[in-house]
Every structure is written in C-alpha cells, then in structure tokens.
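Listing of my_file.cif, mmCIF, C-alpha atoms
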```
data_query
#
loop_
_atom_site.label_atom_id
_atom_site.label_comp_id
_atom_site.auth_asym_id
_atom_site.auth_seq_id
_atom_site.Cartn_x
_atom_site.Cartn_y
_atom_site.Cartn_z
CA MET X 2 -96.50 -66.88 -64.90
CA THR X 3 -99.68 -65.07 -64.17
CA THR X 4 -100.91 -61.82 -65.59
CA ASP X 5 -102.61 -60.80 -62.36
CA HIS X 6 -100.44 -57.78 -61.95
CA HIS X 7 -102.05 -56.22 -64.98
CA HIS X 8 -105.34 -56.06 -63.14
CA PRO X 9 -106.01 -53.53 -60.46
CA THR X 10 -106.13 -55.13 -57.02
CA GLU X 11 -108.42 -54.09 -54.23
CA MET X 12 -106.82 -52.20 -51.40
CA ALA X 13 -107.50 -52.84 -47.75
CA PRO X 14 -109.52 -49.94 -46.28
CA ILE X 15 -106.66 -48.82 -44.03
CA GLU X 16 -104.17 -48.94 -46.89
CA ALA X 17 -106.50 -46.84 -49.03
CA ARG X 18 -107.03 -44.37 -46.20
CA VAL X 19 -103.32 -43.86 -45.67
CA ALA X 20 -102.90 -43.34 -49.41
CA ALA X 21 -105.67 -40.72 -49.27
CA ILE X 22 -104.01 -38.93 -46.37
CA GLU X 23 -100.72 -38.84 -48.23
CA SER X 24 -102.23 -37.58 -51.47
CA VAL X 25 -104.25 -34.84 -49.75
CA LEU X 26 -101.26 -33.60 -47.76
CA VAL X 27 -98.95 -33.71 -50.77
CA GLU X 28 -101.48 -31.87 -52.89
CA LYS X 29 -101.81 -29.17 -50.24
CA GLY X 30 -98.04 -28.78 -50.24
CA VAL X 31 -97.77 -29.80 -46.59
CA LEU X 32 -95.75 -32.89 -47.38
CA ASP X 33 -93.33 -33.87 -50.09
CA THR X 34 -93.24 -37.40 -51.48
CA ASP X 35 -89.43 -37.35 -51.64
CA VAL X 36 -89.23 -36.50 -47.97
CA LEU X 37 -91.49 -39.44 -47.15
CA ASP X 38 -89.31 -41.73 -49.25
CA GLN X 39 -86.22 -40.54 -47.38
CA ILE X 40 -87.81 -41.17 -44.00
CA VAL X 41 -88.77 -44.71 -44.99
CA ALA X 42 -85.32 -45.40 -46.42
CA ASN X 43 -83.72 -44.09 -43.25
CA PHE X 44 -85.78 -46.45 -41.11
CA GLU X 45 -85.04 -49.38 -43.35
CA ASP X 46 -81.34 -48.77 -43.85
CA ASN X 47 -79.92 -46.77 -40.97
CA LEU X 48 -81.95 -47.30 -37.84
CA GLY X 49 -81.87 -50.60 -36.09
CA PRO X 50 -80.42 -52.73 -33.32
CA MET X 51 -77.00 -52.69 -34.99
CA ASN X 52 -76.67 -49.15 -33.63
CA GLY X 53 -77.59 -50.11 -30.10
CA ALA X 54 -75.18 -53.05 -30.33
CA LYS X 55 -72.33 -50.61 -31.02
CA VAL X 56 -73.28 -48.59 -27.95
CA VAL X 57 -73.29 -51.71 -25.78
CA ALA X 58 -69.99 -52.97 -27.20
CA ARG X 59 -68.36 -49.61 -26.53
CA ALA X 60 -69.65 -49.60 -22.96
CA TRP X 61 -68.24 -53.08 -22.40
CA SER X 62 -64.87 -52.11 -23.87
CA ASP X 63 -64.42 -48.66 -22.40
CA PRO X 64 -65.21 -48.17 -18.68
CA GLU X 65 -65.20 -44.39 -19.01
CA TYR X 66 -67.70 -44.55 -21.84
CA ARG X 67 -69.85 -46.85 -19.72
CA GLU X 68 -69.84 -44.26 -16.94
CA ARG X 69 -70.89 -41.51 -19.32
CA LEU X 70 -73.55 -43.74 -20.84
CA LEU X 71 -75.14 -44.50 -17.49
CA ALA X 72 -74.90 -40.87 -16.40
CA ASP X 73 -76.33 -39.29 -19.57
CA GLY X 74 -77.57 -41.80 -22.12
CA THR X 75 -78.58 -39.25 -24.72
CA ALA X 76 -75.21 -37.51 -24.81
CA ALA X 77 -73.16 -40.71 -24.78
CA ILE X 78 -75.23 -42.27 -27.55
CA LYS X 79 -74.88 -39.11 -29.57
CA GLU X 80 -71.09 -39.45 -29.29
CA LEU X 81 -71.45 -42.47 -31.57
CA GLY X 82 -73.58 -40.48 -33.98
CA PHE X 83 -76.99 -41.84 -33.05
CA GLU X 84 -79.76 -39.33 -32.38
CA GLY X 85 -83.11 -38.19 -33.64
CA PRO X 86 -86.81 -38.70 -33.05
CA GLU X 87 -87.60 -40.99 -30.11
CA GLY X 88 -84.01 -40.77 -28.99
CA GLU X 89 -84.08 -37.40 -27.26
CA TYR X 90 -84.30 -38.67 -23.68
CA MET X 91 -82.31 -41.86 -23.46
CA VAL X 92 -81.87 -43.63 -20.17
CA VAL X 93 -79.54 -46.62 -20.01
CA VAL X 94 -80.19 -49.22 -17.34
CA GLU X 95 -77.52 -51.75 -16.50
CA ASN X 96 -78.05 -55.44 -15.79
CA THR X 97 -76.01 -56.88 -12.93
CA PRO X 98 -75.91 -60.30 -11.29
CA LYS X 99 -78.59 -59.03 -8.91
CA VAL X 100 -80.76 -56.87 -11.19
CA HIS X 101 -82.38 -57.63 -14.52
CA ASN X 102 -84.00 -54.77 -16.43
CA LEU X 103 -86.97 -55.04 -18.76
CA VAL X 104 -88.37 -52.33 -21.01
CA VAL X 105 -92.00 -51.92 -22.01
CA CYS X 106 -94.35 -49.20 -23.19
CA THR X 107 -97.64 -49.92 -21.49
CA LEU X 108 -99.69 -47.30 -23.33
CA CYS X 109 -98.46 -47.50 -26.89
CA SER X 110 -95.16 -48.37 -28.48
CA CYS X 111 -92.49 -45.89 -27.40
CA TYR X 112 -89.13 -47.25 -28.39
CA PRO X 113 -85.67 -45.76 -28.98
CA TRP X 114 -85.71 -45.54 -32.78
CA PRO X 115 -82.16 -44.26 -33.40
CA ILE X 116 -80.54 -47.23 -31.67
CA LEU X 117 -83.10 -50.02 -32.00
CA GLY X 118 -85.15 -49.05 -35.05
CA LEU X 119 -88.85 -49.83 -34.93
CA PRO X 120 -90.26 -52.11 -32.27
CA PRO X 121 -90.96 -55.76 -33.02
CA LYS X 122 -94.57 -56.84 -33.29
CA TRP X 123 -94.74 -58.51 -29.90
CA TYR X 124 -93.53 -55.33 -28.17
CA LYS X 125 -96.66 -53.57 -29.42
CA ALA X 126 -99.01 -56.42 -28.49
CA PRO X 127 -101.46 -55.94 -25.60
CA ALA X 128 -100.23 -59.18 -23.97
CA TYR X 129 -96.64 -57.99 -23.68
CA ARG X 130 -97.60 -54.47 -22.65
CA SER X 131 -99.73 -55.61 -19.73
CA ARG X 132 -97.89 -58.72 -18.62
CA ALA X 133 -94.44 -57.12 -18.56
CA VAL X 134 -95.66 -55.06 -15.63
CA ARG X 135 -97.98 -57.58 -13.97
CA GLU X 136 -95.95 -60.75 -14.15
CA PRO X 137 -92.55 -60.03 -15.72
CA ARG X 138 -90.83 -63.14 -14.39
CA LYS X 139 -93.47 -65.45 -15.81
CA LEU X 140 -93.54 -63.58 -19.12
CA LEU X 141 -89.76 -63.73 -19.43
CA ALA X 142 -89.77 -67.46 -18.67
CA GLU X 143 -92.33 -68.00 -21.42
CA MET X 144 -90.11 -66.03 -23.77
CA GLY X 145 -87.27 -68.38 -22.94
CA THR X 146 -85.47 -66.28 -20.36
CA ASP X 147 -85.42 -67.67 -16.86
CA ILE X 148 -84.49 -65.12 -14.23
CA GLU X 149 -83.43 -66.63 -10.92
CA ALA X 150 -85.75 -65.95 -7.99
CA ASP X 151 -83.08 -63.95 -6.15
CA VAL X 152 -82.54 -61.56 -9.07
CA GLU X 153 -84.66 -58.43 -8.92
CA ILE X 154 -86.55 -57.59 -12.11
CA ARG X 155 -86.95 -53.87 -12.75
CA VAL X 156 -89.55 -52.91 -15.32
CA TRP X 157 -89.15 -49.59 -17.10
CA ASP X 158 -92.26 -48.10 -18.67
CA SER X 159 -91.35 -45.92 -21.63
CA SER X 160 -94.65 -44.08 -21.61
CA ALA X 161 -93.07 -41.17 -19.77
CA GLU X 162 -90.64 -38.97 -21.70
CA ALA X 163 -87.75 -41.37 -21.38
CA ARG X 164 -86.74 -44.14 -23.77
CA TYR X 165 -84.76 -46.97 -22.25
CA LEU X 166 -81.89 -49.13 -23.36
CA VAL X 167 -80.84 -52.16 -21.35
CA LEU X 168 -77.09 -52.58 -21.01
CA PRO X 169 -76.76 -56.36 -20.83
CA MET X 170 -74.04 -58.11 -18.82
CA ARG X 171 -71.01 -58.95 -20.88
CA PRO X 172 -71.01 -62.73 -21.40
CA ASP X 173 -68.19 -64.83 -19.98
CA GLY X 174 -65.51 -65.92 -22.40
CA THR X 175 -65.55 -62.70 -24.41
CA ASP X 176 -62.40 -61.14 -22.93
CA ASP X 177 -60.45 -61.50 -26.15
CA MET X 178 -63.12 -60.10 -28.43
CA SER X 179 -62.72 -56.78 -30.19
CA GLU X 180 -65.35 -54.08 -29.88
CA GLU X 181 -66.60 -54.94 -33.34
CA GLN X 182 -66.86 -58.61 -32.47
CA LEU X 183 -68.68 -57.76 -29.28
CA ALA X 184 -71.22 -55.69 -31.22
CA GLY X 185 -71.89 -58.80 -33.26
CA ILE X 186 -73.13 -60.77 -30.27
CA VAL X 187 -75.49 -58.12 -28.87
CA THR X 188 -79.11 -58.73 -29.81
CA ARG X 189 -82.14 -56.50 -29.99
CA ASP X 190 -83.96 -58.66 -27.47
CA ALA X 191 -81.13 -58.35 -24.97
CA MET X 192 -81.31 -54.55 -25.26
CA ILE X 193 -85.05 -54.65 -24.51
CA GLY X 194 -84.38 -57.04 -21.66
CA VAL X 195 -86.33 -60.08 -22.80
CA GLN X 196 -83.15 -62.05 -23.39
CA ARG X 197 -79.85 -62.65 -21.64
CA LEU X 198 -76.67 -63.00 -23.58
CA MET H 29 -108.87 -63.94 -25.58
CA THR H 30 -106.00 -65.34 -23.59
CA ASN H 31 -103.17 -63.39 -22.09
CA GLY H 32 -100.59 -65.54 -23.80
CA LEU H 33 -98.38 -64.31 -26.56
CA ASP H 34 -99.03 -66.30 -29.66
CA ASP H 35 -96.15 -68.25 -31.09
CA THR H 36 -95.63 -66.06 -34.08
CA SER H 37 -95.18 -63.02 -31.88
CA LEU H 38 -92.50 -64.53 -29.68
CA PRO H 39 -89.11 -62.86 -30.03
CA ARG H 40 -87.20 -65.84 -31.34
CA ASP H 41 -85.81 -63.99 -34.28
CA ASN H 42 -84.12 -60.63 -34.34
CA GLY H 43 -84.29 -60.37 -38.08
CA GLU H 44 -87.92 -59.34 -38.30
CA LEU H 45 -89.13 -57.24 -41.18
CA VAL H 46 -89.36 -53.60 -40.28
CA PHE H 47 -92.69 -53.15 -42.00
CA GLU H 48 -95.19 -55.80 -42.95
CA ALA H 49 -96.55 -53.80 -45.86
CA PRO H 50 -95.51 -50.63 -47.70
CA TRP H 51 -98.53 -48.65 -46.46
CA GLN H 52 -97.31 -49.08 -42.88
CA ALA H 53 -94.03 -47.44 -43.83
CA ARG H 54 -95.94 -44.58 -45.49
CA ALA H 55 -98.14 -44.13 -42.42
CA LEU H 56 -95.09 -43.90 -40.22
CA ALA H 57 -93.29 -41.51 -42.54
CA ILE H 58 -96.33 -39.23 -42.84
CA ALA H 59 -96.54 -38.86 -39.05
CA VAL H 60 -92.82 -38.15 -38.71
CA ALA H 61 -92.78 -35.70 -41.63
CA LEU H 62 -95.90 -33.90 -40.45
CA VAL H 63 -94.75 -33.16 -36.91
CA ASN H 64 -91.38 -32.03 -38.31
CA LYS H 65 -92.98 -29.79 -40.90
CA LEU H 66 -95.36 -28.19 -38.42
CA GLY H 67 -92.75 -27.92 -35.67
CA LEU H 68 -94.86 -30.00 -33.28
CA PRO H 69 -93.46 -32.22 -30.56
CA TRP H 70 -93.67 -35.93 -31.27
CA ASP H 71 -96.07 -36.18 -28.34
CA ALA H 72 -98.66 -34.38 -30.45
CA PHE H 73 -98.91 -37.56 -32.44
CA ARG H 74 -98.00 -40.05 -29.73
CA HIS H 75 -100.87 -39.04 -27.46
CA ARG H 76 -103.33 -39.64 -30.27
CA LEU H 77 -101.77 -43.02 -30.95
CA MET H 78 -102.10 -43.92 -27.26
CA ASP H 79 -105.75 -42.88 -27.34
CA GLU H 80 -106.49 -44.89 -30.45
CA ILE H 81 -104.81 -47.98 -29.00
CA ALA H 82 -106.73 -47.57 -25.74
CA LYS H 83 -109.97 -47.19 -27.67
CA ASP H 84 -109.55 -50.55 -29.39
CA PRO H 85 -106.67 -52.54 -27.91
CA GLN H 86 -107.09 -55.52 -30.23
CA ARG H 87 -107.01 -53.51 -33.45
CA PRO H 88 -103.88 -54.11 -35.52
CA TYR H 89 -101.21 -51.65 -34.49
CA TYR H 90 -100.79 -49.76 -37.75
CA GLU H 91 -104.56 -49.38 -38.11
CA SER H 92 -104.51 -47.48 -34.83
CA TRP H 93 -101.59 -45.51 -36.24
CA GLY H 94 -103.67 -44.61 -39.31
CA ALA H 95 -106.63 -43.57 -37.16
CA ALA H 96 -104.35 -41.36 -35.04
CA LEU H 97 -102.99 -39.76 -38.18
CA GLU H 98 -106.44 -39.03 -39.52
CA SER H 99 -107.63 -37.52 -36.23
CA MET H 100 -104.55 -35.31 -36.13
CA ILE H 101 -104.89 -33.91 -39.62
CA VAL H 102 -108.63 -33.36 -39.22
CA ASP H 103 -108.07 -31.49 -35.94
CA LEU H 104 -105.29 -29.44 -37.53
CA LYS H 105 -107.78 -28.59 -40.29
CA LEU H 106 -105.46 -29.92 -42.96
CA ALA H 107 -108.28 -32.06 -44.30
CA THR H 108 -111.83 -33.04 -43.52
CA SER H 109 -113.18 -36.56 -43.43
CA ALA H 110 -115.11 -35.70 -46.59
CA THR H 111 -111.93 -34.62 -48.42
CA LEU H 112 -110.30 -37.86 -47.39
CA ASP H 113 -113.31 -39.90 -48.47
CA ALA H 114 -113.14 -38.26 -51.87
CA ALA H 115 -109.43 -38.96 -52.17
CA THR H 116 -109.60 -42.55 -51.00
CA PRO H 117 -108.70 -44.92 -53.81
CA THR H 118 -110.57 -48.19 -54.12
CA GLU H 119 -108.06 -49.99 -56.25
CA ARG H 120 -104.32 -50.17 -56.36
CA THR H 121 -102.82 -48.73 -59.50
CA PRO H 122 -101.70 -51.60 -61.72
CA LEU H 123 -97.96 -52.05 -61.99
#
```
Represent the structure contained in this file as structure tokens.
Amino acid sequence: MTTDHHHPTEMAPIEARVAAIESVLVEKGVLDTDVLDQIVANFEDNLGPMNGAKVVARAWSDPEYRERLLADGTAAIKELGFEGPEGEYMVVVENTPKVHNLVVCTLCSCYPWPILGLPPKWYKAPAYRSRAVREPRKLLAEMGTDIEADVEIRVWDSSAEARYLVLPMRPDGTDDMSEEQLAGIVTRDAMIGVQRL
Amino acid sequence: MTNGLDDTSLPRDNGELVFEAPWQARALAIAVALVNKLGLPWDAFRHRLMDEIAKDPQRPYYESWGAALESMIVDLKLATSATLDAATPTERTPL
C-alpha cells in the first residue's frame, strides 16, 4: 500500500488546460457538468461497433433492408435506432468478390460515432491517414489483410460530409446463423475495411 | 520518422479503450456539448481540429483536440487566453 494518493499529483499541461476550459465554461453557465458526464457515459456505454455489427447482420439477413441501407444509409441505420452526431450523412459501401472498400479520414478523424463509437488510435495516426490513400494494398497487407491483385480497392475519404460504413461480405459457412449470432462475428476493423471476415 | 505504423497501433484488437485518460473524454464532451448548446454545426469544431492537426501532424491527437477547443472558445469570446491561464490548475486535487 502506498499513500501517494494523499498527495497532489502534477497534471500534464494539456490535462490542466482542458480542466481550465471546463471550469471557465461551467462557471459562465455555458456548460453543465452533468451534461458533460452524460455525453461521456453515452460514448462509453452506448456507442460502439456493436451497433454497426447489428446493422451489418440485419443487412445480411434481410435483402430488403440491405437495399434500403445501400440506398440511404442514414435512414436505414436510424431504423435500428442509431443516430446522432457524426452519423447524419451515412453512406454504406458494399464489399464484393471484385471490390474491397476502405475508409479513412485524411484530414482529421471523421468517423461514424453512432455505429462505431470513437475511432481507434491507428485510424487517427498520420501513417494510416496518408498511406490508406497512397498505397492501400500495401498498408492492408501490413495490417494482415491481403487483397488479391484482381480485386479493386476503393478508398473512401470521410473528410467530406459523408461518414462511411463498409458492409463486409458475409463469410461462408454462416447460413445457419441467426441475426444475433451474425452480429457477434462482425468486427470494427471489418466495418472500416482493414479486415476481411 | 518512418511511414510504418508502429506495432502498438496495429488493429489487432477490437477491444481498445475508448479513452486513454479521463481528460480526453472531458475534452470530447466539451466540444460536443458546446456546439449543441450554441446551435453550431459540428463542422465549426471539426475544421479547427483539422487545422490543428495539419499545423502539427505528429502532436498527440487529443492535444490537437484541446488546442482546437481553446481556439474555438477564444474566437467565440467565451474566454480569453488570460482567463484560461488563471483558471489552469497545476495540481490534481487529491482523492
């Protein structure tokens, strides 16, 4: 046991600055601490790839839903109850035996929060953001995903208004799986396009 | 600087932590709450974040986020740099 926690610890400059911003805005009545807590809790508890996985599983199980999803991603995703900031202009791109889709945000970190949560660290890294466009096949291979030479790789840059979701190909041998079971095999990385299922 | 992704940043695991530290969660929540409260489009913040990342691409992501937040609230005249300096704590409150 240590008693270190009884002593004040130094804060990193950025941590202190964010604390200052919060306290000034709360004091001015612009922000409310409870509201901030709710936003954080929502990100931690409700937003994440488990939502996107449900969308993908539904599309695999219901051809009509798949059609709607590809025609109007935002509306079809909303049918399942997922919407909100960074999810207003959803475009769903479908992998096929001849086309593999990959999502990137070259300028910052745009990402469909309601269905995938917050982006993983590598998605925000300069290496991923530049190489996804410049040499996607090589990048994917390094990330463990080999795309055959005769498969076209389409790279979608989220820096415009749209946020993208990759609809992966349904793996072989899953014909007997329920929608819920299917959702269990869909991964975040497959919905970004850096992985195949 | 190489162009390679370092091992720790490779997407081998889908179970990554959402935030690496509580202050990152606060920084995110402040930006979301502020644009909501002021009725601004998310782009009002996003463009600043893009600018901050472009200014210093190697800076840790949430530090750019914090810088974007500060530039936004200063431009909106919600605070000055001096007010923020005065409110900046130097030590974490003991538990």
- Could you tell me which residues the PyMOL selection byres ((chain X and resi 45-60) around 6) returns for this structure, as a VMD selection string? chain X and resid 42 to 44 61 to 63 66 to 67 115 to 118 180 183 to 184 187 189
- Using only C-alpha atoms, pick whichever of X:Arg18, X:Arg155, X:Arg164, X:Arg135 has the shortest atom-to-atom distance to Gly194 of chain X. X:Arg155
- Item | Given the PyMOL selection byres ((chain X and resi 74) around 12), the residues it picks as JSON, numbers by chain | {"X": [53, 56, 57, 60, 66, 67, 68, 69, 70, 71, 72, 73, 75, 76, 77, 78, 79, 80, 81, 83, 84, 88, 89, 90, 91, 92, 93, 94, 95, 113, 116, 163, 164, 165, 166, 167, 168]}
- Care to translate the PyMOL selection byres ((chain H and resi 47-50) around 10) into actual residues of this file, as a VMD selection string? (chain X and resid 16 41 44 to 45 119 121 to 122) or (chain H and resid 44 to 46 51 to 56 90)
Report the centre and edge lengths, in Å to one decimal, of an axis-aligned box enclosing every atom of segment 52-62 of chain H listed in the file, padded by 6 Å on each side, as lines of an AutoDock Vina configuration file.
```
center_x = -95.5
center_y = -41.5
center_z = -42.1
size_x = 17.4
size_y = 27.2
size_z = 18.8
```
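Comparing X:Val152, X:Ala142, X:Ala128, X:Leu37 by their smallest distance to Pro98 of chain X, the closest is X:Val152 (using only C-alpha atoms).
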- Message: Let me make sure I understand: among X:Glu23, X:Ile186, X:Ala150, X:Glu11, which one has the smallest atom-to-atom distance to Arg171 of chain X if we use all atoms listed in the file?
- Response: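 Smallest separation from Arg171 of chain X among the options: X:Ile186.
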- Query: So which residues are close to (-98.1, -40.5, -44.3), meaning at most 12 Å away in the file's coordinates with all atoms listed in the file counted, and can you show them as a PyMOL selection string?
  - Reply: (chain X and resi 15-27+31-38+40-41) or (chain H and resi 50-63+90+93-98+100-101)
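The space separating atom CA of Ser160 of chain X from atom CA of Glu80 of chain H comes to 14.8 Å.
Relative to atom CA of Trp70 of chain H, atom CA of Asp113 of chain H is found at 26.4 Å.
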- Task: Would you mind reading off the distance between atom CA of Asn96 of chain X and atom CA of Pro169 of chain X, one decimal, in Å?
- Result: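 Atom-to-atom, atom CA of Asn96 of chain X to atom CA of Pro169 of chain X, that is 5.3 Å.
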- Nearest to chain X among H:Glu119, H:Asp71, H:Asp103, H:Asp79, with distances taken over all atoms listed in the file: which residue is it?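 With all atoms listed in the file as the atom set, the closest residue is H:Glu119.
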- Nearest to Trp123 of chain X among H:Pro88, H:Met78, H:Leu106, H:Thr118, with distances taken over all atoms listed in the file: which residue is it?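 Result for the nearest residue to Trp123 of chain X: H:Pro88.
Using all atoms listed in the file, the nearest neighbour of Cys109 of chain X within the list H:Ala115, H:Leu104, H:Ala82, H:Ala110 is H:Ala82.
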